[in-house]
Amino acid sequence: MMTYNISIIKGDGIGPEIVDEAIKVLDAVSYACGFTLNYNEYLMGGIAIDVTGKPLPEETVAGVLKSDACLFGAIGGDKWDKLPRELRPETGLLKFREAMGVYANLRPAIIYDELVNASTLKPEVIEGVDIMVVRELIGGIYFGQPRENDGFKAYNTMVYTKPEIVRIGKKAFELAMQRDKRVCSVDKANVLEVSQLWRDTMIELSADYPEVELTHMYVDNAAMQLVRNPKQFDVIVTGNIFGDILSDTASMVVGSIGLLPSASTGDKTAIYEPIHGSAPDIAGQGIANPIATIESAGMMLRYSLGEEAAADMIDAAIKRALKEGYRTKDLASFDAKKVVTTTEMGDVIANYINKK
Ligand code: IPM
Ligand code: MG
């Protein structure tokens, strides 16, 4: 029987609640498909600060690097917001992404037919939307040096080297080959040098993928086009900060940020996490939507473990739960037949897997 080692980072706020539901579903699906998952839990974020004094303990990095894949909840909260920047949970997360070398963050935005009414956009605008945002994750302005804030003057630096652009570009073109063969590269080449290099490099790279259509969009226009006509997009490839912003926009196109999973992949261990944050305001109330995390676990099975059938089962179980009208509170006003808690949603989905 195949056995995989999965590292688990629950994090802060709603993190533990939603990760527990994903584990419940993973257990159901591994049982149904006949493989074993060994879980090892590690600390990161605010909880790691409370327990160890650091947002990213060394054991976490070492442990996750040894595992086959990492399932991640969410980190951060008001409690730790006043700490100096190097001690903040978010700094831990960025260091973690860097240590794992996860340069490619895949954020799919797919509309569930059952939830077309949950979007603030008109059904005819969003029906059939299937976008893959490919965000560069360990470069750009998040990591660029120098950076400073001396109380009078503050700055950050947006840096990309050609090899960094090439590797993320390749990822986007390869994904497009398995999809609708269209890549839209988003930049701000009308203003920024770094974006000009980005655009020139994408054009050069596109010669290796003659079947893929490459288009370019300035980021401000892309933000507008995403809400005007999201169906025009297949794969969007962009840098770190533009991808951060555009993926939040894409999440609202499909209705709730509680639905969207992500995969952060590179040359080492991949990290799977919902795109939403730790939502401390609703933590512990049993109202968080676990679907984004369960779907992230599905991506983990598909991309890191090659357990396609198991991943398909998770997708089908989520669709069925939504079709039958189960809704967590965030989606309670959209064709809900039964409003359920976080745990109940996990039970319903896991139960549909057991029954196949
Ligand atoms: C995300 C988050 C993070 C980011 C924060 C928490 C540092 O917004 O994963 O999108 O900006 O990358
Ligand atoms: Mg974000």
# chains A, B, ... in the order shown; residues from 1 in each chain; ligands from 1
>>> residues_near_ligand(ligand="ligand 2", cutoff="7 Å", atoms="only C-alpha atoms and all ligand atoms", output="MDAnalysis selection string")
chainID A and resid 244:245 248 275
>>> write_last_selection(atoms="all heavy atoms", output="compact mmCIF listing (two decimals), in the first residue's frame")
# COMPACT_ATOMS: atom_id res chain seq x y z
N ASP A 244 -1.22 38.71 -6.13
CA ASP A 244 -1.90 38.77 -4.83
C ASP A 244 -3.24 39.48 -5.00
O ASP A 244 -4.28 39.00 -4.58
CB ASP A 244 -1.00 39.51 -3.83
CG ASP A 244 -1.65 39.61 -2.45
OD1 ASP A 244 -2.21 38.60 -1.98
OD2 ASP A 244 -1.60 40.70 -1.85
N ILE A 245 -3.18 40.63 -5.66
CA ILE A 245 -4.38 41.46 -5.81
C ILE A 245 -5.38 40.81 -6.76
O ILE A 245 -6.57 40.68 -6.46
CB ILE A 245 -3.97 42.87 -6.30
CG1 ILE A 245 -3.04 43.53 -5.28
CG2 ILE A 245 -5.21 43.72 -6.57
CD1 ILE A 245 -2.26 44.72 -5.80
N ASP A 248 -7.39 37.79 -5.42
CA ASP A 248 -8.52 38.14 -4.55
C ASP A 248 -9.72 38.59 -5.40
O ASP A 248 -10.86 38.24 -5.11
CB ASP A 248 -8.15 39.26 -3.57
CG ASP A 248 -7.64 38.72 -2.23
OD1 ASP A 248 -7.00 37.64 -2.22
OD2 ASP A 248 -7.88 39.37 -1.19
N ILE A 275 -6.86 30.26 -0.33
CA ILE A 275 -6.29 31.59 -0.59
C ILE A 275 -6.74 32.61 0.46
O ILE A 275 -6.19 33.68 0.56
CB ILE A 275 -6.56 32.12 -2.02
CG1 ILE A 275 -7.91 32.79 -2.16
CG2 ILE A 275 -6.37 31.07 -3.08
CD1 ILE A 275 -7.90 33.78 -3.32
>>> residues_near_ligand(ligand="ligand 1", cutoff="8 Å", atoms="only C-alpha atoms and all ligand atoms", output="PDB file with C-alpha atoms, in the first residue's frame")
ATOM      1  CA  ILE A  75      -1.856  32.406   9.760  1.00  0.00           C
ATOM      2  CA  GLY A  76      -1.946  35.832  11.416  1.00  0.00           C
ATOM      3  CA  GLU A  90       3.300  37.107   7.648  1.00  0.00           C
ATOM      4  CA  THR A  91       7.097  37.404   7.642  1.00  0.00           C
ATOM      5  CA  LEU A  93       4.984  32.818   5.844  1.00  0.00           C
ATOM      6  CA  LEU A  94       7.165  34.624   3.306  1.00  0.00           C
ATOM      7  CA  LEU A 137       5.542  33.824  -5.216  1.00  0.00           C
ATOM      8  CA  ASN A 240       3.959  38.528  -6.824  1.00  0.00           C
ATOM      9  CA  ILE A 241       2.037  41.638  -5.813  1.00  0.00           C
ATOM     10  CA  ASP A 244      -1.898  38.767  -4.831  1.00  0.00           C
ATOM     11  CA  ILE A 245      -4.377  41.463  -5.805  1.00  0.00           C
ATOM     12  CA  SER A 247      -6.390  36.482  -7.226  1.00  0.00           C
ATOM     13  CA  ASP A 248      -8.525  38.144  -4.550  1.00  0.00           C
ATOM     14  CA  ILE A 275      -6.286  31.591  -0.587  1.00  0.00           C
ATOM     15  CA  HIS A 276      -8.206  33.209   2.267  1.00  0.00           C
ATOM     16  CA  GLY A 277      -6.677  34.368   5.537  1.00  0.00           C
TER      17      GLY A 277
END
>>> closest_residue(among="A:Leu175, A:Ala69, A:Ala317, A:Ala189", to="Leu305 (chain A)", atoms="only C-alpha atoms")
A:Ala69
>>> select_by_dssp(residues="region 123-315 of chain A", states="strand (DSSP E or B)", output="PDB file with N, CA, C and O atoms, in the first residue's frame")
ATOM      1  N   ASP A 130     -13.459  29.721 -15.776  1.00  0.00           N
ATOM      2  CA  ASP A 130     -12.439  28.738 -15.377  1.00  0.00           C
ATOM      3  C   ASP A 130     -11.072  29.374 -15.628  1.00  0.00           C
ATOM      4  O   ASP A 130     -10.525  29.289 -16.713  1.00  0.00           O
ATOM      5  N   ILE A 131     -10.583  30.058 -14.604  1.00  0.00           N
ATOM      6  CA  ILE A 131      -9.338  30.827 -14.740  1.00  0.00           C
ATOM      7  C   ILE A 131      -8.268  30.195 -13.864  1.00  0.00           C
ATOM      8  O   ILE A 131      -8.552  29.745 -12.761  1.00  0.00           O
ATOM      9  N   MET A 132      -7.049  30.180 -14.333  1.00  0.00           N
ATOM     10  CA  MET A 132      -5.932  29.755 -13.486  1.00  0.00           C
ATOM     11  C   MET A 132      -4.987  30.951 -13.355  1.00  0.00           C
ATOM     12  O   MET A 132      -4.358  31.364 -14.329  1.00  0.00           O
ATOM     13  N   VAL A 133      -4.931  31.514 -12.158  1.00  0.00           N
ATOM     14  CA  VAL A 133      -3.977  32.598 -11.913  1.00  0.00           C
ATOM     15  C   VAL A 133      -2.658  31.954 -11.490  1.00  0.00           C
ATOM     16  O   VAL A 133      -2.620  31.170 -10.541  1.00  0.00           O
ATOM     17  N   VAL A 134      -1.598  32.254 -12.224  1.00  0.00           N
ATOM     18  CA  VAL A 134      -0.267  31.746 -11.897  1.00  0.00           C
ATOM     19  C   VAL A 134       0.539  32.930 -11.373  1.00  0.00           C
ATOM     20  O   VAL A 134       0.943  33.819 -12.124  1.00  0.00           O
ATOM     21  N   ARG A 135       0.714  32.953 -10.074  1.00  0.00           N
ATOM     22  CA  ARG A 135       1.359  34.091  -9.407  1.00  0.00           C
ATOM     23  C   ARG A 135       2.788  33.719  -9.022  1.00  0.00           C
ATOM     24  O   ARG A 135       3.007  32.708  -8.360  1.00  0.00           O
ATOM     25  N   GLU A 136       3.748  34.554  -9.405  1.00  0.00           N
ATOM     26  CA  GLU A 136       5.131  34.345  -8.957  1.00  0.00           C
ATOM     27  C   GLU A 136       5.145  34.616  -7.453  1.00  0.00           C
ATOM     28  O   GLU A 136       4.595  35.602  -6.985  1.00  0.00           O
ATOM     29  N   GLU A 148      13.319  49.644   3.212  1.00  0.00           N
ATOM     30  CA  GLU A 148      13.538  50.378   4.450  1.00  0.00           C
ATOM     31  C   GLU A 148      12.373  51.282   4.803  1.00  0.00           C
ATOM     32  O   GLU A 148      11.593  51.678   3.933  1.00  0.00           O
ATOM     33  N   ASN A 149      12.283  51.576   6.090  1.00  0.00           N
ATOM     34  CA  ASN A 149      11.343  52.575   6.582  1.00  0.00           C
ATOM     35  C   ASN A 149      12.032  53.259   7.749  1.00  0.00           C
ATOM     36  O   ASN A 149      12.153  52.683   8.819  1.00  0.00           O
ATOM     37  N   ALA A 154      10.361  55.735   3.203  1.00  0.00           N
ATOM     38  CA  ALA A 154      10.225  54.272   3.199  1.00  0.00           C
ATOM     39  C   ALA A 154      10.205  53.797   1.763  1.00  0.00           C
ATOM     40  O   ALA A 154       9.694  54.484   0.885  1.00  0.00           O
ATOM     41  N   TYR A 155      10.820  52.655   1.515  1.00  0.00           N
ATOM     42  CA  TYR A 155      10.783  52.131   0.143  1.00  0.00           C
ATOM     43  C   TYR A 155      10.918  50.623   0.120  1.00  0.00           C
ATOM     44  O   TYR A 155      11.445  50.004   1.030  1.00  0.00           O
ATOM     45  N   ARG A 182      -4.274  29.408 -23.743  1.00  0.00           N
ATOM     46  CA  ARG A 182      -4.175  30.865 -23.805  1.00  0.00           C
ATOM     47  C   ARG A 182      -3.518  31.378 -22.535  1.00  0.00           C
ATOM     48  O   ARG A 182      -3.922  31.013 -21.434  1.00  0.00           O
ATOM     49  N   VAL A 183      -2.486  32.209 -22.694  1.00  0.00           N
ATOM     50  CA  VAL A 183      -1.825  32.823 -21.546  1.00  0.00           C
ATOM     51  C   VAL A 183      -1.957  34.331 -21.663  1.00  0.00           C
ATOM     52  O   VAL A 183      -1.651  34.907 -22.710  1.00  0.00           O
ATOM     53  N   CYS A 184      -2.433  34.970 -20.597  1.00  0.00           N
ATOM     54  CA  CYS A 184      -2.434  36.431 -20.545  1.00  0.00           C
ATOM     55  C   CYS A 184      -1.409  36.844 -19.497  1.00  0.00           C
ATOM     56  O   CYS A 184      -1.543  36.519 -18.319  1.00  0.00           O
ATOM     57  N   SER A 185      -0.373  37.525 -19.931  1.00  0.00           N
ATOM     58  CA  SER A 185       0.666  37.979 -19.013  1.00  0.00           C
ATOM     59  C   SER A 185       0.322  39.390 -18.545  1.00  0.00           C
ATOM     60  O   SER A 185       0.070  40.278 -19.358  1.00  0.00           O
ATOM     61  N   VAL A 186       0.284  39.566 -17.241  1.00  0.00           N
ATOM     62  CA  VAL A 186      -0.140  40.856 -16.680  1.00  0.00           C
ATOM     63  C   VAL A 186       1.057  41.594 -16.094  1.00  0.00           C
ATOM     64  O   VAL A 186       1.826  41.022 -15.300  1.00  0.00           O
ATOM     65  N   ASP A 187       1.218  42.853 -16.493  1.00  0.00           N
ATOM     66  CA  ASP A 187       2.370  43.628 -16.015  1.00  0.00           C
ATOM     67  C   ASP A 187       2.015  45.117 -15.981  1.00  0.00           C
ATOM     68  O   ASP A 187       0.840  45.484 -16.116  1.00  0.00           O
ATOM     69  N   GLU A 213      -1.531  30.837 -27.311  1.00  0.00           N
ATOM     70  CA  GLU A 213      -1.686  32.247 -27.659  1.00  0.00           C
ATOM     71  C   GLU A 213      -1.286  33.109 -26.463  1.00  0.00           C
ATOM     72  O   GLU A 213      -1.832  32.940 -25.376  1.00  0.00           O
ATOM     73  N   LEU A 214      -0.319  33.996 -26.668  1.00  0.00           N
ATOM     74  CA  LEU A 214       0.122  34.881 -25.586  1.00  0.00           C
ATOM     75  C   LEU A 214      -0.429  36.279 -25.814  1.00  0.00           C
ATOM     76  O   LEU A 214      -0.265  36.855 -26.890  1.00  0.00           O
ATOM     77  N   THR A 215      -1.091  36.818 -24.776  1.00  0.00           N
ATOM     78  CA  THR A 215      -1.516  38.218 -24.836  1.00  0.00           C
ATOM     79  C   THR A 215      -0.936  38.938 -23.619  1.00  0.00           C
ATOM     80  O   THR A 215      -0.454  38.292 -22.681  1.00  0.00           O
ATOM     81  N   HIS A 216      -0.985  40.255 -23.643  1.00  0.00           N
ATOM     82  CA  HIS A 216      -0.448  41.045 -22.529  1.00  0.00           C
ATOM     83  C   HIS A 216      -1.516  42.027 -22.064  1.00  0.00           C
ATOM     84  O   HIS A 216      -2.294  42.521 -22.871  1.00  0.00           O
ATOM     85  N   MET A 217      -1.500  42.306 -20.784  1.00  0.00           N
ATOM     86  CA  MET A 217      -2.443  43.288 -20.254  1.00  0.00           C
ATOM     87  C   MET A 217      -1.756  44.068 -19.145  1.00  0.00           C
ATOM     88  O   MET A 217      -1.000  43.488 -18.362  1.00  0.00           O
ATOM     89  N   TYR A 218      -2.021  45.359 -19.092  1.00  0.00           N
ATOM     90  CA  TYR A 218      -1.551  46.127 -17.942  1.00  0.00           C
ATOM     91  C   TYR A 218      -2.426  45.759 -16.743  1.00  0.00           C
ATOM     92  O   TYR A 218      -3.618  45.482 -16.902  1.00  0.00           O
ATOM     93  N   VAL A 235      -5.312  31.182 -18.670  1.00  0.00           N
ATOM     94  CA  VAL A 235      -4.237  31.287 -17.681  1.00  0.00           C
ATOM     95  C   VAL A 235      -3.794  32.751 -17.603  1.00  0.00           C
ATOM     96  O   VAL A 235      -3.567  33.391 -18.625  1.00  0.00           O
ATOM     97  N   ILE A 236      -3.705  33.262 -16.384  1.00  0.00           N
ATOM     98  CA  ILE A 236      -3.132  34.594 -16.160  1.00  0.00           C
ATOM     99  C   ILE A 236      -1.796  34.382 -15.469  1.00  0.00           C
ATOM    100  O   ILE A 236      -1.734  33.699 -14.444  1.00  0.00           O
ATOM    101  N   VAL A 237      -0.722  34.935 -16.007  1.00  0.00           N
ATOM    102  CA  VAL A 237       0.570  34.819 -15.331  1.00  0.00           C
ATOM    103  C   VAL A 237       1.047  36.210 -14.942  1.00  0.00           C
ATOM    104  O   VAL A 237       0.983  37.146 -15.733  1.00  0.00           O
ATOM    105  N   THR A 238       1.475  36.348 -13.694  1.00  0.00           N
ATOM    106  CA  THR A 238       1.873  37.674 -13.243  1.00  0.00           C
ATOM    107  C   THR A 238       2.803  37.601 -12.040  1.00  0.00           C
ATOM    108  O   THR A 238       3.023  36.529 -11.481  1.00  0.00           O
ATOM    109  N   PRO A 261      -8.982  27.241  -3.545  1.00  0.00           N
ATOM    110  CA  PRO A 261      -7.771  26.573  -3.069  1.00  0.00           C
ATOM    111  C   PRO A 261      -6.550  27.161  -3.757  1.00  0.00           C
ATOM    112  O   PRO A 261      -6.668  27.970  -4.682  1.00  0.00           O
ATOM    113  N   SER A 262      -5.368  26.744  -3.327  1.00  0.00           N
ATOM    114  CA  SER A 262      -4.178  27.092  -4.084  1.00  0.00           C
ATOM    115  C   SER A 262      -3.091  26.057  -3.865  1.00  0.00           C
ATOM    116  O   SER A 262      -3.103  25.315  -2.888  1.00  0.00           O
ATOM    117  N   ALA A 263      -2.184  26.036  -4.834  1.00  0.00           N
ATOM    118  CA  ALA A 263      -1.019  25.165  -4.743  1.00  0.00           C
ATOM    119  C   ALA A 263       0.200  26.035  -4.954  1.00  0.00           C
ATOM    120  O   ALA A 263       0.236  26.838  -5.884  1.00  0.00           O
ATOM    121  N   SER A 264       1.182  25.912  -4.070  1.00  0.00           N
ATOM    122  CA  SER A 264       2.437  26.635  -4.256  1.00  0.00           C
ATOM    123  C   SER A 264       3.509  25.600  -4.536  1.00  0.00           C
ATOM    124  O   SER A 264       3.829  24.794  -3.668  1.00  0.00           O
ATOM    125  N   THR A 265       4.030  25.646  -5.752  1.00  0.00           N
ATOM    126  CA  THR A 265       4.942  24.578  -6.157  1.00  0.00           C
ATOM    127  C   THR A 265       6.271  25.148  -6.638  1.00  0.00           C
ATOM    128  O   THR A 265       6.359  26.291  -7.060  1.00  0.00           O
ATOM    129  N   ILE A 271       3.251  23.367  -1.203  1.00  0.00           N
ATOM    130  CA  ILE A 271       2.354  23.763  -0.109  1.00  0.00           C
ATOM    131  C   ILE A 271       0.957  23.977  -0.682  1.00  0.00           C
ATOM    132  O   ILE A 271       0.790  24.644  -1.704  1.00  0.00           O
ATOM    133  N   TYR A 272      -0.038  23.426  -0.002  1.00  0.00           N
ATOM    134  CA  TYR A 272      -1.421  23.563  -0.450  1.00  0.00           C
ATOM    135  C   TYR A 272      -2.203  24.315   0.605  1.00  0.00           C
ATOM    136  O   TYR A 272      -2.216  23.917   1.773  1.00  0.00           O
ATOM    137  N   GLU A 273      -2.817  25.399   0.200  1.00  0.00           N
ATOM    138  CA  GLU A 273      -3.520  26.231   1.191  1.00  0.00           C
ATOM    139  C   GLU A 273      -4.684  26.972   0.548  1.00  0.00           C
ATOM    140  O   GLU A 273      -4.663  27.276  -0.638  1.00  0.00           O
ATOM    141  N   PRO A 274      -5.713  27.272   1.360  1.00  0.00           N
ATOM    142  CA  PRO A 274      -6.795  28.117   0.847  1.00  0.00           C
ATOM    143  C   PRO A 274      -6.232  29.500   0.572  1.00  0.00           C
ATOM    144  O   PRO A 274      -5.235  29.885   1.183  1.00  0.00           O
TER     145      PRO A 274
END
>>> residues_around(residues="Lys122 (chain A)", least_positions_apart="3", cutoff="12 Å", atoms="only C-alpha atoms", output="ChimeraX atom specification")
/A:115-119,125-127,227-230,253-255
>>> atom_distance(atom1="CA of Leu71 (chain A)", atom2="CA of Ala297 (chain A)")
6.7 Å
